[in-house]
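Asks: Before I ask anything, here is the structure I am working with.
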Amino acid sequence: MTQDPKALLEEALAAARSAFTHATQTMSRAERTETVGLGGDGTPTYRLDVVVEAPVLNVLERAGVNVLSEEIGWIDRGSATTVVIDPLDGTANAAAGVPLSCFSAAVVRESTVIAAITHWFEGSRTWRAVQGETAPRCVSDRRQLTGAAVSMLRPRPETTLAWNRVAARADRVRILGSSVLEACLVADGAVDAFCDAGGDVHRIVDLAAVDLVVHNAGGCLRDVHGRPLNFAPDLRQRWSGVVAATPQLADEIIAAIRG
């Protein structure tokens, strides 16, 4: 790939944003939520997912890079560069008309994210990050879970106890339905932390870009079980992501989740 990675990400975002805007203005809710197959991770794919992903794939095909995407899965073009994308994070929100959905993409070389971009479609906000270009610290200084503002994935039967342990100590709890957006709000200092309370639902497409965005803003991304991120083209891999303003806060959230 000869194209500048930042320029490639901007082109991919422009394609996704145009497709998203057109789809939400012209498709009915029934059309947006129609299940058209299974994604690369084995979960159902909405028509809206495919509509947003298709033009992004065209951009990446012209660039000649490998692709790892939530919907299409792994495309190996023999390149030294892979772009890890979630074209539409928060699909259920977007399909229903809830204005909380995001685009996420990361350029990976030699198992390292060198550039990342995330975009809140309905909020028209974009977060950019480049390896080695640390931004001014934007995260909060919160070090304790008690009194913190925390976003979490919704509680499920297997996570209810852990979810409640975190919620009982937090001052405010939000459930927005978009991991990318919630992680980026930590990077902005709008909330102190975001977590999946032990459910192991995050894939690398959910975490690759936000890891660099949050790190560059001064925060951290951790796994409850201490597993490092890796970029193997296997969407069956899962992590229990904890995004926090400080390592101390991450430690307290992980301890609460573990009980």
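Residue numbering restarts at 1 for every chain of the structure tokens, chains are lettered A, B, ... in their displayed order, and ligands are numbered from 1 as they appear.
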Can you tell me, as a VMD selection string, what residues are no more than 12 Å from Pro157 in chain A when counting only C-alpha atoms, ignoring any on the same chain fewer than 5 positions away?
Replies: chain A and resid 162 to 164 197 to 199
Asks: Run DSSP on the backbone and tell me which residues of range 119-254 of chain A come out as strand (DSSP E or B); list them as a ChimeraX atom specification.
Replies: /A:119-120,125-130,149-152,172-174,193-195,202,220-223,239,241-244
Asks: List every residue of range 34-143 of chain A that has an atom at most 8 Å from any atom of range 8-14 of chain A, and for each one report the closest atom pair and its distance in Å to one decimal, counting only C-alpha atoms, with rows sorted by chain and then by increasing residue number, as JSON lines.
Replies:
```
{"residue": "A:Pro55", "atom": "CA", "partner": "A:Ala12", "partner_atom": "CA", "distance": 7.9}
{"residue": "A:Val56", "atom": "CA", "partner": "A:Ala12", "partner_atom": "CA", "distance": 5.1}
{"residue": "A:Val59", "atom": "CA", "partner": "A:Ala12", "partner_atom": "CA", "distance": 6.0}
{"residue": "A:Leu60", "atom": "CA", "partner": "A:Ala12", "partner_atom": "CA", "distance": 7.4}
{"residue": "A:Ala63", "atom": "CA", "partner": "A:Leu8", "partner_atom": "CA", "distance": 7.9}
{"residue": "A:Phe103", "atom": "CA", "partner": "A:Leu13", "partner_atom": "CA", "distance": 7.2}
{"residue": "A:Ala105", "atom": "CA", "partner": "A:Leu9", "partner_atom": "CA", "distance": 6.9}
{"residue": "A:Ala106", "atom": "CA", "partner": "A:Leu9", "partner_atom": "CA", "distance": 7.7}
{"residue": "A:Val107", "atom": "CA", "partner": "A:Leu9", "partner_atom": "CA", "distance": 7.9}
{"residue": "A:Ala116", "atom": "CA", "partner": "A:Leu9", "partner_atom": "CA", "distance": 7.3}
{"residue": "A:Ile117", "atom": "CA", "partner": "A:Leu9", "partner_atom": "CA", "distance": 6.6}
{"residue": "A:His119", "atom": "CA", "partner": "A:Leu13", "partner_atom": "CA", "distance": 7.7}
```
Asks: Those residues with N, CA, C and O atoms, as a PDB file, in the first residue's frame please?
Replies:
```pdb
ATOM      1  N   PRO A  55     -19.422   0.112   0.208  1.00  0.00           N
ATOM      2  CA  PRO A  55     -18.540   1.128  -0.372  1.00  0.00           C
ATOM      3  C   PRO A  55     -17.193   1.231   0.342  1.00  0.00           C
ATOM      4  O   PRO A  55     -16.192   1.616  -0.275  1.00  0.00           O
ATOM      5  N   VAL A  56     -17.160   0.880   1.617  1.00  0.00           N
ATOM      6  CA  VAL A  56     -15.884   0.870   2.346  1.00  0.00           C
ATOM      7  C   VAL A  56     -14.985  -0.224   1.788  1.00  0.00           C
ATOM      8  O   VAL A  56     -13.779  -0.009   1.562  1.00  0.00           O
ATOM      9  N   VAL A  59     -13.304   0.911  -1.366  1.00  0.00           N
ATOM     10  CA  VAL A  59     -12.152   1.786  -1.107  1.00  0.00           C
ATOM     11  C   VAL A  59     -10.926   0.945  -0.754  1.00  0.00           C
ATOM     12  O   VAL A  59      -9.821   1.171  -1.269  1.00  0.00           O
ATOM     13  N   LEU A  60     -11.104  -0.030   0.101  1.00  0.00           N
ATOM     14  CA  LEU A  60      -9.983  -0.846   0.567  1.00  0.00           C
ATOM     15  C   LEU A  60      -9.484  -1.791  -0.523  1.00  0.00           C
ATOM     16  O   LEU A  60      -8.290  -2.118  -0.570  1.00  0.00           O
ATOM     17  N   ALA A  63      -7.143   0.109  -2.646  1.00  0.00           N
ATOM     18  CA  ALA A  63      -5.877   0.330  -1.943  1.00  0.00           C
ATOM     19  C   ALA A  63      -5.029  -0.938  -1.877  1.00  0.00           C
ATOM     20  O   ALA A  63      -3.836  -0.876  -1.559  1.00  0.00           O
ATOM     21  N   PHE A 103     -18.805   4.419  13.111  1.00  0.00           N
ATOM     22  CA  PHE A 103     -17.860   3.777  12.193  1.00  0.00           C
ATOM     23  C   PHE A 103     -16.524   3.668  12.911  1.00  0.00           C
ATOM     24  O   PHE A 103     -16.133   4.554  13.680  1.00  0.00           O
ATOM     25  N   ALA A 105     -12.337   2.153  12.253  1.00  0.00           N
ATOM     26  CA  ALA A 105     -11.354   1.527  11.374  1.00  0.00           C
ATOM     27  C   ALA A 105      -9.949   1.771  11.903  1.00  0.00           C
ATOM     28  O   ALA A 105      -9.647   2.840  12.434  1.00  0.00           O
ATOM     29  N   ALA A 106      -9.104   0.759  11.739  1.00  0.00           N
ATOM     30  CA  ALA A 106      -7.715   0.848  12.185  1.00  0.00           C
ATOM     31  C   ALA A 106      -6.805   0.249  11.131  1.00  0.00           C
ATOM     32  O   ALA A 106      -7.108  -0.811  10.575  1.00  0.00           O
ATOM     33  N   VAL A 107      -5.685   0.912  10.857  1.00  0.00           N
ATOM     34  CA  VAL A 107      -4.661   0.398   9.945  1.00  0.00           C
ATOM     35  C   VAL A 107      -3.617  -0.326  10.792  1.00  0.00           C
ATOM     36  O   VAL A 107      -3.042   0.256  11.716  1.00  0.00           O
ATOM     37  N   ALA A 116      -5.842   5.206  13.372  1.00  0.00           N
ATOM     38  CA  ALA A 116      -7.209   4.794  13.674  1.00  0.00           C
ATOM     39  C   ALA A 116      -8.154   5.965  13.509  1.00  0.00           C
ATOM     40  O   ALA A 116      -7.763   7.134  13.667  1.00  0.00           O
ATOM     41  N   ILE A 117      -9.403   5.636  13.198  1.00  0.00           N
ATOM     42  CA  ILE A 117     -10.435   6.664  13.100  1.00  0.00           C
ATOM     43  C   ILE A 117     -11.757   6.071  13.554  1.00  0.00           C
ATOM     44  O   ILE A 117     -12.063   4.909  13.287  1.00  0.00           O
ATOM     45  N   HIS A 119     -16.035   7.394  14.139  1.00  0.00           N
ATOM     46  CA  HIS A 119     -16.952   8.486  13.805  1.00  0.00           C
ATOM     47  C   HIS A 119     -18.342   8.160  14.325  1.00  0.00           C
ATOM     48  O   HIS A 119     -18.863   7.062  14.102  1.00  0.00           O
TER      49      HIS A 119
END
```
Asks: Which one is closest to Phe231 in chain A: A:Ser104, A:Thr35, A:Thr112, A:Thr118? Count only C-alpha atoms.
Replies: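 That would be A:Thr112, the residue with the smallest distance to Phe231 in chain A.
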Asks: Taking 4 positions as the minimum chain separation for residues in the same chain, which residues sit within 9 Å of Gly39 in chain A when counting only C-alpha atoms? Answer as a tab-separated table (two decimals) with all heavy atoms, in the first residue's frame.
Replies:
```tsv
chain	number	residue	atom	x	y	z
A	43	THR	N	-22.74	-13.83	13.59
A	43	THR	CA	-23.97	-13.20	14.07
A	43	THR	C	-24.78	-12.67	12.88
A	43	THR	O	-24.23	-12.42	11.80
A	43	THR	CB	-23.67	-12.06	15.04
A	43	THR	OG1	-22.87	-11.07	14.38
A	43	THR	CG2	-22.91	-12.58	16.26
A	44	PRO	N	-26.09	-12.48	13.05
A	44	PRO	CA	-26.92	-12.02	11.94
A	44	PRO	C	-26.48	-10.67	11.39
A	44	PRO	O	-26.07	-9.78	12.15
A	44	PRO	CB	-28.33	-11.93	12.56
A	44	PRO	CG	-28.29	-12.89	13.71
A	44	PRO	CD	-26.90	-12.81	14.25
A	45	THR	N	-26.58	-10.53	10.08
A	45	THR	CA	-26.24	-9.29	9.40
A	45	THR	C	-27.51	-8.61	8.91
A	45	THR	O	-28.31	-9.22	8.19
A	45	THR	CB	-25.32	-9.57	8.20
A	45	THR	OG1	-24.09	-10.10	8.67
A	45	THR	CG2	-25.05	-8.30	7.41
A	69	SER	N	-13.25	-7.45	8.71
A	69	SER	CA	-14.47	-6.70	8.96
A	69	SER	C	-15.49	-7.56	9.68
A	69	SER	O	-15.56	-8.78	9.47
A	69	SER	CB	-15.08	-6.21	7.64
A	69	SER	OG	-16.35	-5.60	7.85
A	70	GLU	N	-16.30	-6.92	10.49
A	70	GLU	CA	-17.33	-7.64	11.24
A	70	GLU	C	-18.25	-8.42	10.31
A	70	GLU	O	-18.68	-9.53	10.64
A	70	GLU	CB	-18.16	-6.67	12.08
A	70	GLU	CG	-19.26	-7.36	12.87
A	70	GLU	CD	-20.05	-6.41	13.74
A	70	GLU	OE1	-19.93	-5.20	13.56
A	70	GLU	OE2	-20.80	-6.90	14.59
A	71	GLU	N	-18.58	-7.87	9.15
A	71	GLU	CA	-19.56	-8.51	8.28
A	71	GLU	C	-18.92	-9.46	7.27
A	71	GLU	O	-19.27	-10.62	7.20
A	71	GLU	CB	-20.39	-7.43	7.55
A	71	GLU	CG	-21.06	-6.44	8.47
A	71	GLU	CD	-21.86	-7.08	9.60
A	71	GLU	OE1	-22.39	-8.20	9.40
A	71	GLU	OE2	-21.96	-6.47	10.67
A	72	ILE	N	-17.98	-8.97	6.47
A	72	ILE	CA	-17.41	-9.80	5.40
A	72	ILE	C	-16.40	-10.79	5.93
A	72	ILE	O	-16.10	-11.81	5.29
A	72	ILE	CB	-16.78	-8.91	4.31
A	72	ILE	CG1	-16.63	-9.69	3.00
A	72	ILE	CG2	-15.45	-8.36	4.76
A	72	ILE	CD1	-17.93	-10.04	2.33
A	73	GLY	N	-15.83	-10.50	7.11
A	73	GLY	CA	-14.80	-11.38	7.66
A	73	GLY	C	-13.42	-11.00	7.16
A	73	GLY	O	-13.07	-9.82	7.10
```
Asks: Considering only C-alpha atoms, return as JSON, numbers by chain whatever protein or nucleic-acid residues lie within 9 Å of range 83-100 of chain A, sequence-local ones (same chain, fewer than 6 positions apart) excluded.
Replies: {"A": [9, 13, 16, 20, 24, 28, 29, 30, 31, 32, 33, 46, 48, 49, 50, 52, 53, 56, 60, 65, 66, 67, 68, 69, 70, 71, 106, 107, 108, 109, 120, 121, 122, 123, 176, 177, 178, 179, 180, 181, 204, 205, 206, 208, 209, 231]}
Asks: Measuring atom to atom with only C-alpha atoms, identify which of A:Glu182, A:Asp251, A:Asp171, A:Asp196 is nearest to Arg156 in chain A.
Replies: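 For Arg156 in chain A, the nearest of the candidates is A:Asp196.
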Asks: Applying 7 Å and only C-alpha atoms, which residues near Arg165 in chain A remain after dropping the ones on its own chain fewer than 3 positions away? List them as a list in words.
Replies: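 In the requested format, the answer is Leu161, Ala162, Ala168, Arg169, Ala256 and Ile257 of chain A.
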Asks: For the selection you just gave me, I'd like the residues written to a file as a short mmCIF file (atom, residue, chain, number, x, y, z; two decimals), in the first residue's frame, keeping N, CA, C and O atoms.
Replies:
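What ended up in selection_11.cif:
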```cif
data_model
loop_
_atom_site.label_atom_id
_atom_site.label_comp_id
_atom_site.auth_asym_id
_atom_site.auth_seq_id
_atom_site.Cartn_x
_atom_site.Cartn_y
_atom_site.Cartn_z
N LEU A 161 -24.69 -10.43 38.07
CA LEU A 161 -24.06 -10.19 39.38
C LEU A 161 -22.87 -9.24 39.26
O LEU A 161 -22.73 -8.30 40.06
N ALA A 162 -22.02 -9.47 38.26
CA ALA A 162 -20.87 -8.59 38.06
C ALA A 162 -21.33 -7.19 37.69
O ALA A 162 -20.77 -6.18 38.16
N ALA A 168 -23.41 -0.70 41.54
CA ALA A 168 -23.68 -0.31 42.93
C ALA A 168 -22.69 0.71 43.44
O ALA A 168 -23.01 1.51 44.34
N ARG A 169 -21.49 0.73 42.87
CA ARG A 169 -20.46 1.66 43.35
C ARG A 169 -20.35 2.91 42.47
O ARG A 169 -19.81 3.92 42.91
N ALA A 256 -14.09 -5.52 40.72
CA ALA A 256 -15.53 -5.60 40.98
C ALA A 256 -16.18 -6.65 40.09
O ALA A 256 -17.05 -7.41 40.53
N ILE A 257 -15.77 -6.71 38.83
CA ILE A 257 -16.32 -7.69 37.91
C ILE A 257 -15.98 -9.10 38.36
O ILE A 257 -16.83 -10.02 38.36
#
```
Asks: I need the residue nearest Ala54 in chain A from this list: A:Val36, A:Ala19, A:Leu221, A:Val243. Use only C-alpha atoms for the distance.
Replies: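 Looking only at the distances to Ala54 in chain A, the closest residue turns out to be A:Ala19.
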Asks: So, with only C-alpha atoms as the atoms that count, which of A:Val213, A:Val242, A:Met152, A:Leu235 lies closest to Thr134 in chain A?
Replies: A:Val213
Asks: How would you write, as a ChimeraX atom specification, the set of residues in range 17-79 of chain A that DSSP gives as helix (DSSP H, G or I)?
Replies: /A:17-26,29-32,47-63
Asks: Can you write just those residues out, N, CA and C atoms, as an mmCIF file, in the first residue's frame?
Replies:
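Listed below is the output, out32.cif:
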```cif
data_model
loop_
_atom_site.group_PDB
_atom_site.id
_atom_site.type_symbol
_atom_site.label_atom_id
_atom_site.label_comp_id
_atom_site.auth_asym_id
_atom_site.auth_seq_id
_atom_site.Cartn_x
_atom_site.Cartn_y
_atom_site.Cartn_z
ATOM 1 N N ARG A 17 -19.966 7.120 5.570
ATOM 2 C CA ARG A 17 -20.880 8.192 5.983
ATOM 3 C C ARG A 17 -21.910 8.481 4.900
ATOM 4 N N SER A 18 -21.472 8.506 3.646
ATOM 5 C CA SER A 18 -22.390 8.748 2.537
ATOM 6 C C SER A 18 -23.429 7.634 2.433
ATOM 7 N N ALA A 19 -22.974 6.382 2.558
ATOM 8 C CA ALA A 19 -23.893 5.249 2.469
ATOM 9 C C ALA A 19 -24.869 5.243 3.641
ATOM 10 N N PHE A 20 -24.366 5.545 4.825
ATOM 11 C CA PHE A 20 -25.227 5.570 6.011
ATOM 12 C C PHE A 20 -26.305 6.638 5.877
ATOM 13 N N THR A 21 -25.908 7.827 5.470
ATOM 14 C CA THR A 21 -26.872 8.925 5.334
ATOM 15 C C THR A 21 -27.953 8.585 4.306
ATOM 16 N N HIS A 22 -27.526 8.055 3.170
ATOM 17 C CA HIS A 22 -28.492 7.701 2.117
ATOM 18 C C HIS A 22 -29.442 6.613 2.607
ATOM 19 N N ALA A 23 -28.897 5.598 3.286
ATOM 20 C CA ALA A 23 -29.728 4.484 3.739
ATOM 21 C C ALA A 23 -30.756 4.930 4.763
ATOM 22 N N THR A 24 -30.329 5.738 5.724
ATOM 23 C CA THR A 24 -31.258 6.148 6.769
ATOM 24 C C THR A 24 -32.319 7.112 6.255
ATOM 25 N N GLN A 25 -32.037 7.771 5.139
ATOM 26 C CA GLN A 25 -33.012 8.700 4.561
ATOM 27 C C GLN A 25 -33.973 8.029 3.589
ATOM 28 N N THR A 26 -33.590 6.873 3.057
ATOM 29 C CA THR A 26 -34.389 6.250 1.991
ATOM 30 C C THR A 26 -34.962 4.881 2.345
ATOM 31 N N ARG A 29 -37.677 1.224 8.258
ATOM 32 C CA ARG A 29 -37.119 0.452 9.379
ATOM 33 C C ARG A 29 -37.114 -1.034 9.041
ATOM 34 N N ALA A 30 -38.171 -1.520 8.408
ATOM 35 C CA ALA A 30 -38.228 -2.941 8.042
ATOM 36 C C ALA A 30 -37.107 -3.304 7.083
ATOM 37 N N GLU A 31 -36.803 -2.421 6.149
ATOM 38 C CA GLU A 31 -35.707 -2.685 5.208
ATOM 39 C C GLU A 31 -34.358 -2.657 5.921
ATOM 40 N N ARG A 32 -34.181 -1.709 6.827
ATOM 41 C CA ARG A 32 -32.908 -1.605 7.539
ATOM 42 C C ARG A 32 -32.639 -2.822 8.414
ATOM 43 N N ARG A 47 -29.526 -5.724 6.653
ATOM 44 C CA ARG A 47 -29.295 -5.097 5.345
ATOM 45 C C ARG A 47 -28.539 -3.774 5.503
ATOM 46 N N LEU A 48 -28.820 -3.040 6.557
ATOM 47 C CA LEU A 48 -28.137 -1.771 6.781
ATOM 48 C C LEU A 48 -26.634 -1.977 6.937
ATOM 49 N N ASP A 49 -26.226 -3.066 7.603
ATOM 50 C CA ASP A 49 -24.802 -3.378 7.736
ATOM 51 C C ASP A 49 -24.142 -3.505 6.365
ATOM 52 N N VAL A 50 -24.777 -4.250 5.478
ATOM 53 C CA VAL A 50 -24.207 -4.515 4.152
ATOM 54 C C VAL A 50 -24.129 -3.240 3.330
ATOM 55 N N VAL A 51 -25.168 -2.423 3.420
ATOM 56 C CA VAL A 51 -25.209 -1.181 2.652
ATOM 57 C C VAL A 51 -24.075 -0.245 3.053
ATOM 58 N N VAL A 52 -23.784 -0.172 4.349
ATOM 59 C CA VAL A 52 -22.710 0.710 4.818
ATOM 60 C C VAL A 52 -21.339 0.103 4.521
ATOM 61 N N GLU A 53 -21.219 -1.201 4.643
ATOM 62 C CA GLU A 53 -19.924 -1.854 4.461
ATOM 63 C C GLU A 53 -19.459 -1.854 3.002
ATOM 64 N N ALA A 54 -20.379 -2.042 2.055
ATOM 65 C CA ALA A 54 -20.001 -2.261 0.653
ATOM 66 C C ALA A 54 -19.090 -1.167 0.077
ATOM 67 N N PRO A 55 -19.422 0.112 0.208
ATOM 68 C CA PRO A 55 -18.540 1.128 -0.372
ATOM 69 C C PRO A 55 -17.193 1.231 0.342
ATOM 70 N N VAL A 56 -17.160 0.880 1.617
ATOM 71 C CA VAL A 56 -15.884 0.870 2.346
ATOM 72 C C VAL A 56 -14.985 -0.224 1.788
ATOM 73 N N LEU A 57 -15.554 -1.383 1.514
ATOM 74 C CA LEU A 57 -14.780 -2.480 0.921
ATOM 75 C C LEU A 57 -14.231 -2.087 -0.442
ATOM 76 N N ASN A 58 -14.994 -1.313 -1.196
ATOM 77 C CA ASN A 58 -14.511 -0.849 -2.506
ATOM 78 C C ASN A 58 -13.279 0.040 -2.356
ATOM 79 N N VAL A 59 -13.304 0.911 -1.366
ATOM 80 C CA VAL A 59 -12.152 1.786 -1.107
ATOM 81 C C VAL A 59 -10.926 0.945 -0.754
ATOM 82 N N LEU A 60 -11.104 -0.030 0.101
ATOM 83 C CA LEU A 60 -9.983 -0.846 0.567
ATOM 84 C C LEU A 60 -9.484 -1.791 -0.523
ATOM 85 N N GLU A 61 -10.377 -2.208 -1.411
ATOM 86 C CA GLU A 61 -9.950 -3.037 -2.545
ATOM 87 C C GLU A 61 -9.040 -2.243 -3.474
ATOM 88 N N ARG A 62 -9.405 -1.002 -3.741
ATOM 89 C CA ARG A 62 -8.562 -0.167 -4.602
ATOM 90 C C ARG A 62 -7.192 0.070 -3.961
ATOM 91 N N ALA A 63 -7.143 0.109 -2.646
ATOM 92 C CA ALA A 63 -5.877 0.330 -1.943
ATOM 93 C C ALA A 63 -5.029 -0.938 -1.877
#
```
Asks: Using only C-alpha atoms for the distances, tell me which of A:Leu249, A:Leu212, A:Ala170, A:Cys184 is nearest to Ala149 in chain A.
Replies: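 That would be A:Ala170, the residue with the smallest distance to Ala149 in chain A.
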Asks: What does the distance from CA of Ala129 in chain A to CA of Ala245 in chain A come to in Å, to one decimal?
Replies: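 Result for CA of Ala129 in chain A versus CA of Ala245 in chain A: 16.6 Å, one decimal.
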Asks: CA of Trp74 in chain A to CA of Arg203 in chain A: how many Å, to one decimal?
Replies: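 Interatomic distance here is 13.3 Å.
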Asks: Residues at most 6 Å from Trp239 in chain A, counting only C-alpha atoms, excluding those fewer than 2 positions away in the same chain, as a ChimeraX atom specification?
Replies: /A:200,202,241
